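S.K.: For reference, the structure I am asking about is given below.
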Amino acid sequence: MKKIIFFIFILTLAESSYSQKDTLASEIEFKEFVYQCIDSLIEKNIKYSSVVGVKMGLNLNGELKKYDLTFKNKDQKFRRKDYKWLRHVFDQKNYKNVAKLFYSPDDLKTAKTMKISITYTNTKAISHL
């Protein structure tokens, strides 16, 4: 009986450790991740090829609360069904360490939310030139 309880405990512990979000450690890793997400959006929906950046709103634990893509054409809209999966991809990471790169310790003490912006350059289009 003890072996069964121990086995269940280990399974629960393993499952909870796998369910934690990956933490991005550097600005380069963060930019690569964001670029990969936007690249995959553009591959799925060519009409979003005019993406010029992303703005992210985070809570103080580094969890994504909202994000907005910015486009060359300011009036361009983003249909909900087109980005539902993108929200899930962005939400797989914890951005706390990245936010520490953009915010000073004093800013982190006074901030209620953190905002991060990144400019997107289509690396695939550049590599074809």
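We label chains A, B, ... in the order they appear in the structure tokens, count residues from 1 in each chain, and number ligands from 1 in the order shown.
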Can you list every residue in segment 16-126 of chain A that DSSP puts in strand (DSSP E), as a list in words?

M.R.: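 DSSP-assigned strand (DSSP E) residues in segment 16-126 of chain A: Asp22, Thr23, Val51, Val52, Gly53, Val54, Lys55, Met56, Gly57, Leu58, Leu64, Lys65, Lys66, Tyr67, Asp68, Leu69, Thr70, Phe71, Lys93, Asn94, Met114, Lys115, Ile116, Ser117, Ile118 and Thr119 of chain A.
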
S.K.: Write out as a list in words the residues lying within 9 Å of Cys37 of chain A, counting only C-alpha atoms and excluding same-chain residues fewer than 3 positions away.

M.R.: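 The residues that qualify are Glu32, Phe33, Val34, Ser40, Leu41, Ile42, Leu86, Val89 and Phe90 of chain A.
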
S.K.: Please identify all polymer residues within 10 Å of Lys112 of chain A, counting only C-alpha atoms, omitting same-chain residues fewer than 3 positions from it, and present them as a PyMOL selection string.

M.R.: chain A and resi 58-60+107-109

S.K.: Keeping only C-alpha atoms, write the selected residues to a file as an mmCIF file, in the first residue's frame.

M.R.:
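Result file selection-v6.cif:
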```cif
data_model
loop_
_atom_site.group_PDB
_atom_site.id
_atom_site.type_symbol
_atom_site.label_atom_id
_atom_site.label_comp_id
_atom_site.auth_asym_id
_atom_site.auth_seq_id
_atom_site.Cartn_x
_atom_site.Cartn_y
_atom_site.Cartn_z
ATOM 1 C CA LEU A 58 2.240 41.058 -18.017
ATOM 2 C CA ASN A 59 1.381 40.743 -14.366
ATOM 3 C CA LEU A 60 4.189 41.031 -11.812
ATOM 4 C CA ASP A 107 10.198 50.144 -11.335
ATOM 5 C CA LEU A 108 9.224 46.565 -10.473
ATOM 6 C CA LYS A 109 8.372 47.651 -6.920
#
```

S.K.: Take atom CA of Val52 of chain A and atom CA of Asp39 of chain A and report the distance between them in Å, one decimal.

M.R.: 11.6 Å

S.K.: Please return as a PyMOL selection string: the residues of segment 11-99 of chain A that backbone DSSP assigns to helix (DSSP H, G or I).

M.R.: chain A and resi 11-19+27-44+46-48+80-90+96-99

S.K.: Suppose we keep N, CA and C atoms; can you now write the selection as a compact mmCIF listing (two decimals), in the first residue's frame?

M.R.:
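Saved to again.txt:
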```
# COMPACT_ATOMS: atom_id res chain seq x y z
N LEU A 11 4.00 10.51 -9.31
CA LEU A 11 3.30 10.89 -10.55
C LEU A 11 2.73 12.31 -10.45
N THR A 12 2.14 12.64 -9.32
CA THR A 12 1.59 13.96 -9.12
C THR A 12 2.68 15.02 -9.15
N LEU A 13 3.79 14.74 -8.49
CA LEU A 13 4.92 15.66 -8.48
C LEU A 13 5.49 15.88 -9.88
N ALA A 14 5.64 14.80 -10.63
CA ALA A 14 6.16 14.90 -11.99
C ALA A 14 5.21 15.68 -12.89
N GLU A 15 3.92 15.44 -12.75
CA GLU A 15 2.95 16.13 -13.58
C GLU A 15 2.94 17.63 -13.28
N SER A 16 3.03 17.99 -12.01
CA SER A 16 3.02 19.42 -11.67
C SER A 16 4.29 20.11 -12.14
N SER A 17 5.42 19.42 -12.12
CA SER A 17 6.65 20.06 -12.58
C SER A 17 6.64 20.25 -14.09
N TYR A 18 6.01 19.35 -14.83
CA TYR A 18 5.92 19.51 -16.29
C TYR A 18 4.92 20.58 -16.68
N SER A 19 3.95 20.84 -15.82
CA SER A 19 2.93 21.82 -16.17
C SER A 19 3.40 23.25 -15.96
N GLU A 27 17.12 38.34 -23.33
CA GLU A 27 16.41 39.14 -24.32
C GLU A 27 16.46 38.47 -25.70
N ILE A 28 17.58 37.86 -26.02
CA ILE A 28 17.73 37.17 -27.31
C ILE A 28 16.77 35.99 -27.40
N GLU A 29 16.68 35.20 -26.33
CA GLU A 29 15.76 34.07 -26.30
C GLU A 29 14.31 34.55 -26.42
N PHE A 30 13.99 35.66 -25.77
CA PHE A 30 12.66 36.24 -25.84
C PHE A 30 12.34 36.67 -27.27
N LYS A 31 13.26 37.40 -27.92
CA LYS A 31 13.03 37.86 -29.29
C LYS A 31 12.89 36.69 -30.25
N GLU A 32 13.72 35.68 -30.11
CA GLU A 32 13.62 34.49 -30.97
C GLU A 32 12.27 33.82 -30.82
N PHE A 33 11.80 33.70 -29.58
CA PHE A 33 10.50 33.08 -29.33
C PHE A 33 9.37 33.88 -29.97
N VAL A 34 9.38 35.20 -29.76
CA VAL A 34 8.34 36.06 -30.33
C VAL A 34 8.39 36.02 -31.85
N TYR A 35 9.58 36.07 -32.43
CA TYR A 35 9.72 36.01 -33.89
C TYR A 35 9.18 34.69 -34.43
N GLN A 36 9.46 33.59 -33.75
CA GLN A 36 8.94 32.28 -34.20
C GLN A 36 7.42 32.27 -34.16
N CYS A 37 6.83 32.85 -33.11
CA CYS A 37 5.37 32.89 -33.00
C CYS A 37 4.77 33.71 -34.13
N ILE A 38 5.33 34.87 -34.41
CA ILE A 38 4.80 35.73 -35.48
C ILE A 38 5.05 35.10 -36.84
N ASP A 39 6.22 34.47 -37.03
CA ASP A 39 6.50 33.76 -38.29
C ASP A 39 5.44 32.70 -38.55
N SER A 40 5.08 31.95 -37.51
CA SER A 40 4.08 30.90 -37.71
C SER A 40 2.71 31.49 -38.01
N LEU A 41 2.39 32.65 -37.43
CA LEU A 41 1.13 33.33 -37.75
C LEU A 41 1.11 33.74 -39.21
N ILE A 42 2.20 34.31 -39.69
CA ILE A 42 2.27 34.77 -41.08
C ILE A 42 2.20 33.59 -42.04
N GLU A 43 2.82 32.47 -41.68
CA GLU A 43 2.75 31.28 -42.54
C GLU A 43 1.32 30.77 -42.64
N LYS A 44 0.57 30.83 -41.53
CA LYS A 44 -0.81 30.35 -41.54
C LYS A 44 -1.74 31.33 -42.23
N ILE A 46 -1.35 34.66 -44.52
CA ILE A 46 -0.47 35.59 -45.24
C ILE A 46 -0.95 37.04 -45.12
N LYS A 47 -2.23 37.25 -44.83
CA LYS A 47 -2.75 38.62 -44.72
C LYS A 47 -2.16 39.36 -43.52
N TYR A 48 -1.51 38.64 -42.61
CA TYR A 48 -0.89 39.27 -41.46
C TYR A 48 0.59 39.52 -41.68
N ARG A 80 -10.52 37.12 -34.10
CA ARG A 80 -10.35 36.28 -32.91
C ARG A 80 -10.00 34.84 -33.27
N LYS A 81 -10.67 34.27 -34.25
CA LYS A 81 -10.41 32.87 -34.59
C LYS A 81 -9.01 32.67 -35.17
N ASP A 82 -8.42 33.73 -35.70
CA ASP A 82 -7.07 33.64 -36.27
C ASP A 82 -5.98 33.67 -35.20
N TYR A 83 -6.30 34.21 -34.03
CA TYR A 83 -5.22 34.34 -33.04
C TYR A 83 -5.45 33.53 -31.76
N LYS A 84 -6.51 32.77 -31.70
CA LYS A 84 -6.77 31.96 -30.50
C LYS A 84 -5.58 31.04 -30.19
N TRP A 85 -5.07 30.38 -31.20
CA TRP A 85 -3.93 29.48 -31.00
C TRP A 85 -2.66 30.24 -30.67
N LEU A 86 -2.52 31.48 -31.20
CA LEU A 86 -1.32 32.27 -30.93
C LEU A 86 -1.27 32.68 -29.46
N ARG A 87 -2.40 32.99 -28.88
CA ARG A 87 -2.47 33.32 -27.45
C ARG A 87 -1.96 32.13 -26.63
N HIS A 88 -2.37 30.94 -27.02
CA HIS A 88 -1.93 29.74 -26.31
C HIS A 88 -0.41 29.56 -26.41
N VAL A 89 0.15 29.82 -27.57
CA VAL A 89 1.60 29.70 -27.76
C VAL A 89 2.34 30.73 -26.92
N PHE A 90 1.89 32.00 -26.97
CA PHE A 90 2.52 33.04 -26.16
C PHE A 90 2.42 32.72 -24.67
N LYS A 96 8.94 36.71 -16.63
CA LYS A 96 9.44 37.48 -15.50
C LYS A 96 10.91 37.86 -15.65
N ASN A 97 11.75 36.93 -16.05
CA ASN A 97 13.18 37.24 -16.21
C ASN A 97 13.42 38.25 -17.33
N VAL A 98 12.62 38.17 -18.39
CA VAL A 98 12.76 39.13 -19.48
C VAL A 98 12.32 40.52 -19.02
N ALA A 99 11.25 40.56 -18.24
CA ALA A 99 10.77 41.85 -17.74
C ALA A 99 11.81 42.51 -16.85
```

S.K.: How many Å separate atom CA of Ile118 of chain A from atom CA of Met56 of chain A?

M.R.: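 Atom-to-atom, atom CA of Ile118 of chain A and atom CA of Met56 of chain A are spaced 8.6 Å apart.
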
S.K.: Using only C-alpha atoms, which residues sit within 9 Å of Thr70 of chain A once same-chain residues fewer than 2 positions away are excluded, as JSON, numbers by chain?

M.R.: {"A": [50, 51, 52, 53, 54, 55, 68, 72, 73, 74, 76, 119]}

S.K.: Let's have the selection written as a PDB file, in the first residue's frame, with all heavy atoms.

M.R.:
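Printed below is result.pdb as written:
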```pdb
ATOM      1  N   SER A  50       1.986  42.046 -42.659  1.00  0.00           N
ATOM      2  CA  SER A  50       2.378  43.429 -42.369  1.00  0.00           C
ATOM      3  C   SER A  50       2.567  43.666 -40.870  1.00  0.00           C
ATOM      4  O   SER A  50       2.541  44.801 -40.417  1.00  0.00           O
ATOM      5  CB  SER A  50       1.333  44.394 -42.933  1.00  0.00           C
ATOM      6  OG  SER A  50       0.109  44.215 -42.267  1.00  0.00           O
ATOM      7  N   VAL A  51       2.789  42.627 -40.093  1.00  0.00           N
ATOM      8  CA  VAL A  51       3.029  42.767 -38.662  1.00  0.00           C
ATOM      9  C   VAL A  51       4.363  43.479 -38.450  1.00  0.00           C
ATOM     10  O   VAL A  51       5.371  43.105 -39.040  1.00  0.00           O
ATOM     11  CB  VAL A  51       3.059  41.383 -37.963  1.00  0.00           C
ATOM     12  CG1 VAL A  51       3.476  41.518 -36.507  1.00  0.00           C
ATOM     13  CG2 VAL A  51       1.730  40.675 -38.074  1.00  0.00           C
ATOM     14  N   VAL A  52       4.365  44.513 -37.622  1.00  0.00           N
ATOM     15  CA  VAL A  52       5.601  45.242 -37.340  1.00  0.00           C
ATOM     16  C   VAL A  52       6.047  45.106 -35.887  1.00  0.00           C
ATOM     17  O   VAL A  52       7.137  45.553 -35.540  1.00  0.00           O
ATOM     18  CB  VAL A  52       5.485  46.738 -37.710  1.00  0.00           C
ATOM     19  CG1 VAL A  52       5.349  46.910 -39.211  1.00  0.00           C
ATOM     20  CG2 VAL A  52       4.365  47.412 -36.969  1.00  0.00           C
ATOM     21  N   GLY A  53       5.228  44.499 -35.062  1.00  0.00           N
ATOM     22  CA  GLY A  53       5.640  44.327 -33.675  1.00  0.00           C
ATOM     23  C   GLY A  53       4.550  43.737 -32.810  1.00  0.00           C
ATOM     24  O   GLY A  53       3.450  43.451 -33.276  1.00  0.00           O
ATOM     25  N   VAL A  54       4.890  43.551 -31.547  1.00  0.00           N
ATOM     26  CA  VAL A  54       3.938  43.033 -30.576  1.00  0.00           C
ATOM     27  C   VAL A  54       4.140  43.790 -29.269  1.00  0.00           C
ATOM     28  O   VAL A  54       5.256  44.159 -28.907  1.00  0.00           O
ATOM     29  CB  VAL A  54       4.106  41.501 -30.377  1.00  0.00           C
ATOM     30  CG1 VAL A  54       5.464  41.164 -29.825  1.00  0.00           C
ATOM     31  CG2 VAL A  54       3.010  40.912 -29.509  1.00  0.00           C
ATOM     32  N   LYS A  55       3.031  44.080 -28.604  1.00  0.00           N
ATOM     33  CA  LYS A  55       3.050  44.708 -27.281  1.00  0.00           C
ATOM     34  C   LYS A  55       2.415  43.719 -26.314  1.00  0.00           C
ATOM     35  O   LYS A  55       1.331  43.199 -26.580  1.00  0.00           O
ATOM     36  CB  LYS A  55       2.261  46.013 -27.291  1.00  0.00           C
ATOM     37  CG  LYS A  55       2.867  47.067 -28.184  1.00  0.00           C
ATOM     38  CD  LYS A  55       2.031  48.312 -28.213  1.00  0.00           C
ATOM     39  CE  LYS A  55       2.641  49.320 -29.170  1.00  0.00           C
ATOM     40  NZ  LYS A  55       1.838  50.518 -29.292  1.00  0.00           N
ATOM     41  N   ASP A  68      -1.017  42.641 -28.048  1.00  0.00           N
ATOM     42  CA  ASP A  68      -1.557  43.280 -29.247  1.00  0.00           C
ATOM     43  C   ASP A  68      -0.482  43.256 -30.318  1.00  0.00           C
ATOM     44  O   ASP A  68       0.667  43.627 -30.058  1.00  0.00           O
ATOM     45  CB  ASP A  68      -1.946  44.739 -28.977  1.00  0.00           C
ATOM     46  CG  ASP A  68      -3.086  44.859 -28.002  1.00  0.00           C
ATOM     47  OD1 ASP A  68      -4.103  44.169 -28.195  1.00  0.00           O
ATOM     48  OD2 ASP A  68      -2.961  45.638 -27.042  1.00  0.00           O
ATOM     49  N   LYS A  72       1.581  47.590 -40.109  1.00  0.00           N
ATOM     50  CA  LYS A  72       1.918  48.769 -40.913  1.00  0.00           C
ATOM     51  C   LYS A  72       0.662  49.599 -41.134  1.00  0.00           C
ATOM     52  O   LYS A  72       0.671  50.805 -40.999  1.00  0.00           O
ATOM     53  CB  LYS A  72       2.503  48.356 -42.263  1.00  0.00           C
ATOM     54  CG  LYS A  72       3.902  47.820 -42.178  1.00  0.00           C
ATOM     55  CD  LYS A  72       4.394  47.395 -43.554  1.00  0.00           C
ATOM     56  CE  LYS A  72       5.697  46.637 -43.439  1.00  0.00           C
ATOM     57  NZ  LYS A  72       6.108  46.059 -44.713  1.00  0.00           N
ATOM     58  N   ASN A  73      -0.417  48.926 -41.492  1.00  0.00           N
ATOM     59  CA  ASN A  73      -1.702  49.576 -41.683  1.00  0.00           C
ATOM     60  C   ASN A  73      -2.399  49.640 -40.316  1.00  0.00           C
ATOM     61  O   ASN A  73      -2.810  48.629 -39.769  1.00  0.00           O
ATOM     62  CB  ASN A  73      -2.547  48.773 -42.685  1.00  0.00           C
ATOM     63  CG  ASN A  73      -3.912  49.363 -42.889  1.00  0.00           C
ATOM     64  OD1 ASN A  73      -4.272  50.372 -42.295  1.00  0.00           O
ATOM     65  ND2 ASN A  73      -4.695  48.707 -43.735  1.00  0.00           N
ATOM     66  N   LYS A  74      -2.525  50.821 -39.760  1.00  0.00           N
ATOM     67  CA  LYS A  74      -3.082  51.004 -38.405  1.00  0.00           C
ATOM     68  C   LYS A  74      -4.522  50.510 -38.277  1.00  0.00           C
ATOM     69  O   LYS A  74      -4.981  50.189 -37.194  1.00  0.00           O
ATOM     70  CB  LYS A  74      -3.021  52.478 -38.004  1.00  0.00           C
ATOM     71  CG  LYS A  74      -1.655  53.086 -38.089  1.00  0.00           C
ATOM     72  CD  LYS A  74      -0.850  52.778 -36.869  1.00  0.00           C
ATOM     73  CE  LYS A  74       0.455  53.552 -36.923  1.00  0.00           C
ATOM     74  NZ  LYS A  74       1.575  52.826 -36.479  1.00  0.00           N
ATOM     75  N   GLN A  76      -5.794  47.810 -39.661  1.00  0.00           N
ATOM     76  CA  GLN A  76      -5.921  46.365 -39.842  1.00  0.00           C
ATOM     77  C   GLN A  76      -6.431  45.720 -38.554  1.00  0.00           C
ATOM     78  O   GLN A  76      -5.990  46.039 -37.459  1.00  0.00           O
ATOM     79  CB  GLN A  76      -4.579  45.743 -40.241  1.00  0.00           C
ATOM     80  CG  GLN A  76      -4.702  44.289 -40.612  1.00  0.00           C
ATOM     81  CD  GLN A  76      -3.457  43.775 -41.317  1.00  0.00           C
ATOM     82  OE1 GLN A  76      -2.527  44.519 -41.582  1.00  0.00           O
ATOM     83  NE2 GLN A  76      -3.457  42.510 -41.622  1.00  0.00           N
ATOM     84  N   THR A 119       9.868  45.036 -31.688  1.00  0.00           N
ATOM     85  CA  THR A 119       9.703  45.300 -33.115  1.00  0.00           C
ATOM     86  C   THR A 119      10.013  44.022 -33.872  1.00  0.00           C
ATOM     87  O   THR A 119      10.991  43.348 -33.578  1.00  0.00           O
ATOM     88  CB  THR A 119      10.644  46.427 -33.564  1.00  0.00           C
ATOM     89  OG1 THR A 119      10.374  47.578 -32.770  1.00  0.00           O
ATOM     90  CG2 THR A 119      10.435  46.756 -35.026  1.00  0.00           C
TER      91      THR A 119
END
```

S.K.: By how many Å are atom CA of Ser49 of chain A and atom CA of Asp75 of chain A apart?

M.R.: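 These atoms are spaced 14.3 Å apart.
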
S.K.: Compare A:Tyr120, A:Asp22, A:Lys100, A:Thr113 by their minimum atom-to-atom distance to Lys65 of chain A, counting only C-alpha atoms, and give me the closest one.

M.R.: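 When distances to Lys65 of chain A are compared using only C-alpha atoms, the smallest one comes from A:Thr113.
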
S.K.: Taking into account only C-alpha atoms, which residue in the set A:Arg79, A:Gly62, A:Asp91, A:Tyr67 is nearest to Met114 of chain A?

M.R.: A:Gly62

S.K.: Kindly indicate which residue among A:Asn61, A:Ser117, A:Ser104, A:Thr23 lies nearest to Gln92 of chain A, using only C-alpha atoms for the distances.

M.R.: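 Comparing A:Asn61, A:Ser117, A:Ser104, A:Thr23 against Gln92 of chain A, the winner is A:Thr23.
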